[in-house]
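Visitor: Dropping a structure here in structure tokens format, bear with me for questions.
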Amino acid sequence: MTGRADAPVETTRIPVSADEQREIETFLFLEARLADESRYDEWEALVTDDMHYWVPAGPAEGDPTATLSYINDNRARLATRIRQLQTGSRHAQTPASVMRRLLANIEVLAVGDDGATYVTTANFVLYELAAQSTQELRVWPGRVRHTLRRVDGQLRMAAKVVELVTATRPQPNLAFIL
Amino acid sequence: MAGTESRDRPPAAVDYRSLVSDDRVHGSLYHDPAVFDDEMEAIFTRGWAFVGHESEVPNPGDWVSRRLGREPVLLTRHRSGAVHVVANRCSHRGTALCWAAKGTANRFQCNYHAWTFDLDGTLVAVPYPAGFDRSKDELGLDRPGQVESYRGFVFANLDGSAGPLATHLGEGGTGLIDRLCDLSPTGRIDVSRGWIGHKVSSNWKMWPESDNDGYHLNWVHASMVDATPDTYYNETVLGGETGNQSRAVDWGDGHVELDFRPSYQRALAWLGTTADRVPGYCQALEQARGPERAHRLLWDGPPHALVFPNLFLGEMNLAIIEPVSPTEMVHWHTAVQLEGVDDAFNARLRRQSEAAMGPAAFIVPDDAVTAERIQGALAGARPGWAASGRGWLDVSRGARREQAGPRGERAALVSDETTNRGFWRQYRRVMASRLAPPTGGPTYGGAA
Ligand code: FES
Ligand SMILES: [Fe+2]
């Protein structure tokens with residue numbers, strides 16, 4: 001599996017042009033909406049061939065391979081995850097959770113030397129109705145960091161790192177795309 | 001203490017002998033608060049339960065936080081090298097001493113009035129000591145009456161009257177732990193790579209059951225099979241009732257296993273690899289155990305078993321079943337790491353652990369949603385329904401074809417409910433006998 005750590009992150013916001021900022025935000029909102037609506041094919045079309053999807057059980061620091069994470073997917077494992085969700089018998093998401101998430105505090109933290117890679121951060125709150133089990137509302141607050149890369153002119157996701165506020169505590173089923 | 005209170009009440013207000021029979025179990029046992037109280041006493045206070053592994057506290061001063069039933073405890077490593085279990089509760093007026101999951105400390109100092117404790121629970125210092133008439137020796141932290149470890153697995157019995165750990169584990173339990181540890185060239189495993197907590201809205205007893213149920217895989221885990229068609233589950237538990245040679249085994253005393261060994265068609269099938277891909281490991285094991293024994297170990301792999309009541313040896317995962325309330329539990333897991341093997345090998349085990357267990361894994365979330373569906377459907381089952389035949393759960397599958405094995409175990413087809421029956425038989429025995437008034441003997445406390 002992947003040995004990749006999170007992309008380097010500066011603490012100060014990097015100024016980007018208004019057009020870039022808008023393009024980045026448009027991408028992040030699309031990604032969020034496709035995840036909310038469990039539109040797996042369209043969501044998967046947004047990722048690069050070397051996508052890393054990481055949900056650590058604590059702060060997103062250090063080597064993701066050294067300890068256990070909730071999710072630590074390289075591209076192949078992410079493909080398996082989506083394939084499983086599409087079997088129609090992934091009981092933990094049958095029916096799929098009803099979800100809506102809010103994204104805020106979007107900042108660009110780093111721009112690659114090539115001008116085609118951005119590291120972004122955003123806060124989020126995801127509301128999930130556990131429609132397949134307890135019917136309760138589950139609330140998932142956190143921060144998401146994306147590494148976005150321009151591929152053939154289009155922004156794509158090369159990394160998505162989700163730091164849950166509750167990461168160090170036990171989590172209920174997390175079988176959807178966070 | 002819950003322990004002392006419930007000693008005074010009439011024994012067995014809930015009639016466990018009538019609610020658990022050899023082939024069925026009453027649904028009220030999964031949500032009745034009185035039952036949960038009884039379990040915290042009979043199983044987690046008066047019986048042995050797993051606390052943690054010595055590799056979690058490798059150095060002097062290391063501690064990890066756990067729960068034994070409702071009791072918050074710390075597993076610690078003392079300067080002397082000894083491992084201790086102490087209450088995570090100041091013996092002055094009850095403040096929790098530690099609130100993180102783990103840490104390292106020279107001493108535990110309470111933030112309320114600064115009483116200071118050694119890692120073995122001894123009270124070391126109090127501010128303004130002249131005001132106290134009691135000696136410090138009497139005021140240490142509460143400690144379980146019994147703490148023993150077997151091959152690094154630390155168990156405790158709060159009450160102290162449960163008899164030796166060896167009796168609780170029996171040959172069945174020690175044999176299971178041996179089969180895991182012997183896979184390490186040094187004979188030692190390491191479980192220090194972090195625990196993942198999976199919170200499930202179900203009664204804790206669904207997990208000894210579901211973790212060791214060989215009947216459900218074709219349905220609950222159909223999506224995992226479809227998405228990853230090449231796993232060893234094909235030859236060990238799938239393929240129909242007689243499509244494999246695996247066995248459901250009751251080792252006695254509540255220790256139960258899905259024994260995959262007879263199904264494996266080659267060495268290291270359980271690791272999803274072959275010997276030529278992990279030569280370093282194979283050589284290390286051969287050197288340590290000799291070629292014949294190493295060959296056997298590499299073929300058989302780790303057990304898939306419950307050590308009663310709360311330790312699941314999930315092949316190369318360790319899981320702790322933590323009851324939280326009648327309707328909530330946490331399934332904690334971590335990856336087993338083999339000492340004396342390179343990190344590339346152990347990293348593979350970590351990644352497999354992430355794939356199998358935890359809230360986002362490919363397997364256990366489907367068990368969790370099933371457990372939650374069961375819990376919701378049982379919510380109305382009252383003990384009073386038992387007599388009229390309502391609210392019963394059937395665990396009779398394969399009872400008539402169980403066979404006695406050479407070590408006194410009972411075994412049947414892997415899809416038979418021998419494992420469920422083994423768990424419930426011990427449950428009934430413990431719940432019906434340990435809630436009787438005590439005959440004396442040590443009790444949980446600091447003045448041990
Ligand atoms: S409660 Fe801990 S020192 Fe008083
Ligand atoms: Fe299962």
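In the structure tokens, chains take letters A, B, ... by order of appearance, with residues numbered from 1 within each chain and ligands from 1 in the order shown.
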Kindly provide, as a list of chain:residue names, all nucleotide and amino acid residues lying within 6 Å of ligand 2, counting only C-alpha atoms and all ligand atoms.

Guide: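 These are the residues that qualify: B:Ser210, B:Asp211, B:Leu217, B:Val364, B:Asp367.
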
Visitor: Keeping all heavy atoms, export the residues of the selection given above as a PDB file, in the first residue's frame.

Guide:
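This went into part.pdb:
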```pdb
ATOM      1  N   SER B 210     -21.182 -12.795  16.475  1.00  0.00           N
ATOM      2  CA  SER B 210     -20.989 -12.516  15.058  1.00  0.00           C
ATOM      3  C   SER B 210     -19.534 -12.713  14.619  1.00  0.00           C
ATOM      4  O   SER B 210     -19.259 -13.199  13.519  1.00  0.00           O
ATOM      5  CB  SER B 210     -21.500 -11.101  14.768  1.00  0.00           C
ATOM      6  OG  SER B 210     -20.606 -10.379  14.003  1.00  0.00           O
ATOM      7  N   ASP B 211     -18.584 -12.362  15.505  1.00  0.00           N
ATOM      8  CA  ASP B 211     -17.177 -12.551  15.149  1.00  0.00           C
ATOM      9  C   ASP B 211     -16.857 -14.025  14.895  1.00  0.00           C
ATOM     10  O   ASP B 211     -15.866 -14.350  14.234  1.00  0.00           O
ATOM     11  CB  ASP B 211     -16.269 -12.057  16.291  1.00  0.00           C
ATOM     12  CG  ASP B 211     -16.121 -10.528  16.311  1.00  0.00           C
ATOM     13  OD1 ASP B 211     -16.341  -9.902  15.271  1.00  0.00           O
ATOM     14  OD2 ASP B 211     -15.765  -9.998  17.375  1.00  0.00           O
ATOM     15  N   LEU B 217     -21.519 -15.673   6.361  1.00  0.00           N
ATOM     16  CA  LEU B 217     -20.585 -14.983   5.470  1.00  0.00           C
ATOM     17  C   LEU B 217     -21.091 -14.816   4.042  1.00  0.00           C
ATOM     18  O   LEU B 217     -20.862 -13.791   3.413  1.00  0.00           O
ATOM     19  CB  LEU B 217     -19.228 -15.676   5.501  1.00  0.00           C
ATOM     20  CG  LEU B 217     -18.551 -15.425   6.848  1.00  0.00           C
ATOM     21  CD1 LEU B 217     -18.581 -16.644   7.722  1.00  0.00           C
ATOM     22  CD2 LEU B 217     -17.159 -14.903   6.662  1.00  0.00           C
ATOM     23  N   VAL B 364     -16.242  -5.733   8.599  1.00  0.00           N
ATOM     24  CA  VAL B 364     -16.990  -5.568   9.850  1.00  0.00           C
ATOM     25  C   VAL B 364     -18.142  -4.549   9.798  1.00  0.00           C
ATOM     26  O   VAL B 364     -19.138  -4.734  10.491  1.00  0.00           O
ATOM     27  CB  VAL B 364     -16.010  -5.311  11.026  1.00  0.00           C
ATOM     28  CG1 VAL B 364     -16.759  -4.985  12.307  1.00  0.00           C
ATOM     29  CG2 VAL B 364     -15.142  -6.550  11.238  1.00  0.00           C
ATOM     30  N   ASP B 367     -21.228  -6.427   9.422  1.00  0.00           N
ATOM     31  CA  ASP B 367     -21.655  -7.079  10.668  1.00  0.00           C
ATOM     32  C   ASP B 367     -22.306  -6.055  11.591  1.00  0.00           C
ATOM     33  O   ASP B 367     -23.274  -6.348  12.279  1.00  0.00           O
ATOM     34  CB  ASP B 367     -20.449  -7.698  11.388  1.00  0.00           C
ATOM     35  CG  ASP B 367     -19.779  -8.781  10.575  1.00  0.00           C
ATOM     36  OD1 ASP B 367     -20.452  -9.763  10.229  1.00  0.00           O
ATOM     37  OD2 ASP B 367     -18.571  -8.636  10.266  1.00  0.00           O
TER      38      ASP B 367
END
```

Visitor: Could you please tell me, as a short mmCIF file (atom, residue, chain, number, x, y, z; two decimals) with N, CA, C and O atoms, in the first residue's frame, which residues of chain A have an atom within 8 Å of chain B when using only C-alpha atoms?

Guide:
```
data_model
loop_
_atom_site.label_atom_id
_atom_site.label_comp_id
_atom_site.auth_asym_id
_atom_site.auth_seq_id
_atom_site.Cartn_x
_atom_site.Cartn_y
_atom_site.Cartn_z
N MET A 1 0.84 -1.20 0.00
CA MET A 1 0.00 0.00 0.00
C MET A 1 0.88 1.25 0.00
O MET A 1 2.08 1.19 0.05
N ALA A 57 -6.82 8.08 12.59
CA ALA A 57 -7.49 7.96 13.88
C ALA A 57 -6.93 8.97 14.88
O ALA A 57 -6.88 8.72 16.08
N THR A 65 1.53 5.05 7.17
CA THR A 65 1.66 3.59 7.15
C THR A 65 2.11 3.03 8.49
O THR A 65 2.06 1.83 8.72
N ALA A 66 2.55 3.92 9.41
CA ALA A 66 3.15 3.42 10.66
C ALA A 66 2.11 2.91 11.64
O ALA A 66 2.38 2.04 12.45
N THR A 67 0.92 3.50 11.58
CA THR A 67 -0.12 3.10 12.52
C THR A 67 -1.38 2.72 11.76
O THR A 67 -1.39 2.74 10.54
N LEU A 68 -2.42 2.39 12.51
CA LEU A 68 -3.68 2.03 11.88
C LEU A 68 -4.57 3.26 11.69
O LEU A 68 -4.64 4.12 12.57
N SER A 69 -5.21 3.32 10.55
CA SER A 69 -6.13 4.41 10.24
C SER A 69 -7.52 3.84 10.03
O SER A 69 -7.70 2.64 9.83
N TYR A 70 -8.52 4.72 10.05
CA TYR A 70 -9.86 4.28 9.64
C TYR A 70 -9.82 3.92 8.15
O TYR A 70 -10.32 2.87 7.74
N ILE A 71 -9.25 4.83 7.37
CA ILE A 71 -9.12 4.60 5.93
C ILE A 71 -7.72 5.04 5.52
O ILE A 71 -7.25 6.10 5.94
N ASN A 72 -7.06 4.22 4.75
CA ASN A 72 -5.74 4.56 4.22
C ASN A 72 -5.63 3.93 2.85
O ASN A 72 -4.93 2.96 2.64
N THR A 80 -11.47 -0.72 -4.99
CA THR A 80 -12.18 -1.82 -4.34
C THR A 80 -13.33 -1.30 -3.48
O THR A 80 -14.43 -1.84 -3.47
N ARG A 81 -13.05 -0.22 -2.76
CA ARG A 81 -14.08 0.38 -1.90
C ARG A 81 -15.31 0.76 -2.73
O ARG A 81 -16.45 0.49 -2.36
N ARG A 83 -16.05 -0.33 -5.75
CA ARG A 83 -16.64 -1.54 -6.34
C ARG A 83 -17.58 -2.21 -5.32
O ARG A 83 -18.67 -2.65 -5.66
N GLN A 84 -17.14 -2.26 -4.09
CA GLN A 84 -17.98 -2.89 -3.05
C GLN A 84 -19.27 -2.11 -2.86
O GLN A 84 -20.35 -2.70 -2.74
N LEU A 85 -19.17 -0.79 -2.85
CA LEU A 85 -20.38 0.03 -2.69
C LEU A 85 -21.35 -0.18 -3.85
O LEU A 85 -22.55 0.01 -3.71
N THR A 87 -21.85 -3.05 -5.46
CA THR A 87 -22.34 -4.42 -5.63
C THR A 87 -23.84 -4.52 -5.41
O THR A 87 -24.47 -5.49 -5.82
N GLY A 88 -24.39 -3.56 -4.67
CA GLY A 88 -25.81 -3.67 -4.32
C GLY A 88 -26.04 -4.45 -3.05
O GLY A 88 -27.16 -4.52 -2.55
N SER A 89 -24.97 -5.04 -2.49
CA SER A 89 -25.14 -5.80 -1.25
C SER A 89 -24.19 -5.32 -0.16
O SER A 89 -23.89 -6.05 0.78
N ARG A 90 -23.72 -4.10 -0.28
CA ARG A 90 -22.93 -3.51 0.81
C ARG A 90 -23.94 -3.05 1.85
O ARG A 90 -24.43 -1.91 1.82
N HIS A 91 -24.27 -3.96 2.78
CA HIS A 91 -25.38 -3.69 3.71
C HIS A 91 -25.17 -2.41 4.50
O HIS A 91 -26.12 -1.72 4.81
N ALA A 92 -23.91 -2.11 4.82
CA ALA A 92 -23.62 -0.92 5.62
C ALA A 92 -24.00 0.37 4.89
O ALA A 92 -24.03 1.43 5.50
N GLN A 132 -29.82 2.99 6.84
CA GLN A 132 -29.74 1.54 6.73
C GLN A 132 -29.77 0.83 8.08
O GLN A 132 -29.81 -0.39 8.14
N SER A 133 -29.74 1.61 9.18
CA SER A 133 -29.69 0.93 10.47
C SER A 133 -30.54 1.62 11.53
O SER A 133 -31.73 1.42 11.61
N THR A 134 -29.94 2.51 12.31
CA THR A 134 -30.66 3.05 13.47
C THR A 134 -31.61 4.19 13.14
O THR A 134 -32.37 4.61 13.99
N ARG A 169 -11.76 9.12 19.00
CA ARG A 169 -12.82 8.37 19.67
C ARG A 169 -13.42 7.33 18.72
O ARG A 169 -13.31 7.48 17.50
N PRO A 170 -14.08 6.30 19.27
CA PRO A 170 -14.70 5.31 18.38
C PRO A 170 -15.72 5.94 17.44
O PRO A 170 -16.44 6.86 17.83
N GLN A 171 -15.75 5.45 16.24
CA GLN A 171 -16.66 5.98 15.21
C GLN A 171 -17.72 4.95 14.87
O GLN A 171 -17.44 3.76 14.84
N PRO A 172 -18.92 5.42 14.54
CA PRO A 172 -19.91 4.49 13.99
C PRO A 172 -19.54 4.13 12.55
O PRO A 172 -18.57 4.65 12.01
N ASN A 173 -20.33 3.27 11.94
CA ASN A 173 -20.05 2.86 10.56
C ASN A 173 -19.74 4.06 9.67
O ASN A 173 -20.42 5.08 9.71
N LEU A 174 -18.70 3.89 8.89
CA LEU A 174 -18.20 4.96 8.03
C LEU A 174 -17.98 4.34 6.65
O LEU A 174 -16.88 4.31 6.12
N ALA A 175 -19.05 3.80 6.11
CA ALA A 175 -18.91 3.03 4.87
C ALA A 175 -19.19 3.86 3.63
O ALA A 175 -19.04 3.39 2.52
N PHE A 176 -19.59 5.11 3.83
CA PHE A 176 -19.81 6.02 2.71
C PHE A 176 -18.49 6.74 2.39
O PHE A 176 -17.49 6.54 3.07
#
```

Visitor: Could you list, as a VMD selection string, all protein and nucleic acid residues with an atom at most 7 Å from ligand 1, counting only C-alpha atoms and all ligand atoms?

Guide: chain B and resid 90 to 95 110 to 115

Visitor: Neighbours of segment 229-240 of chain B within 7 Å (only C-alpha atoms; same-chain residues fewer than 3 positions away dropped), as a list in words?

Guide: Gly214, Asn218, Val225, Asp226, Gly243, Asn244, Ser246, Phe260, Ser263, Tyr264, Ala269, Trp270, Gly272 and Val414 of chain B

Visitor: Those residues you just picked out, can you put them in a file as a short mmCIF file (atom, residue, chain, number, x, y, z; two decimals), in the first residue's frame with N, CA and C atoms?

Guide:
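Generated output (part-v4.cif):
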```cif
data_model
loop_
_atom_site.label_atom_id
_atom_site.label_comp_id
_atom_site.auth_asym_id
_atom_site.auth_seq_id
_atom_site.Cartn_x
_atom_site.Cartn_y
_atom_site.Cartn_z
N GLY B 214 -20.00 -18.78 11.54
CA GLY B 214 -19.56 -19.27 10.23
C GLY B 214 -20.70 -19.45 9.26
N ASN B 218 -21.81 -15.82 3.57
CA ASN B 218 -22.29 -15.74 2.19
C ASN B 218 -23.25 -14.58 1.97
N VAL B 225 -17.05 -10.28 -0.92
CA VAL B 225 -16.66 -11.39 -1.80
C VAL B 225 -16.71 -10.94 -3.27
N ASP B 226 -17.76 -10.20 -3.61
CA ASP B 226 -17.87 -9.72 -4.99
C ASP B 226 -16.75 -8.74 -5.35
N GLY B 243 -18.86 -27.26 1.23
CA GLY B 243 -17.87 -26.86 0.23
C GLY B 243 -16.50 -26.60 0.81
N ASN B 244 -16.36 -26.74 2.13
CA ASN B 244 -15.05 -26.55 2.74
C ASN B 244 -14.93 -27.47 3.95
N SER B 246 -13.59 -26.46 6.95
CA SER B 246 -13.44 -25.73 8.21
C SER B 246 -14.45 -26.23 9.23
N PHE B 260 -10.16 -22.73 10.57
CA PHE B 260 -9.99 -22.76 9.11
C PHE B 260 -8.90 -23.74 8.67
N SER B 263 -9.08 -26.31 5.87
CA SER B 263 -9.45 -25.84 4.53
C SER B 263 -8.28 -25.34 3.70
N TYR B 264 -7.22 -24.91 4.39
CA TYR B 264 -6.15 -24.28 3.64
C TYR B 264 -5.49 -25.28 2.68
N ALA B 269 -1.78 -19.27 2.94
CA ALA B 269 -3.05 -18.87 2.32
C ALA B 269 -3.74 -17.83 3.19
N TRP B 270 -3.62 -17.98 4.50
CA TRP B 270 -4.25 -17.04 5.45
C TRP B 270 -3.68 -15.64 5.36
N GLY B 272 -2.79 -14.48 2.36
CA GLY B 272 -3.02 -14.09 0.97
C GLY B 272 -1.73 -14.00 0.17
N VAL B 414 -18.47 -25.71 9.77
CA VAL B 414 -18.15 -24.31 10.10
C VAL B 414 -19.41 -23.45 10.11
#
```

Visitor: Any chance you could list, as an NGL selection string, the residues in segment 88-244 of chain B that come up helix (DSSP H, G or I) when DSSP is run on the backbone?

Guide: :B and (129-131 or 136-139 or 165-181 or 206-210 or 217-220 or 222-227 or 233-236)

Visitor: Which residues are near Leu148 of chain A? Cut-off 6 Å, only C-alpha atoms, ignore same chain within fewer than 5 positions. Put them as a list in words.

Guide: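 Within the cut-off, the hits are Thr117, Tyr118, Arg156, Met157 and Ala158 of chain A.
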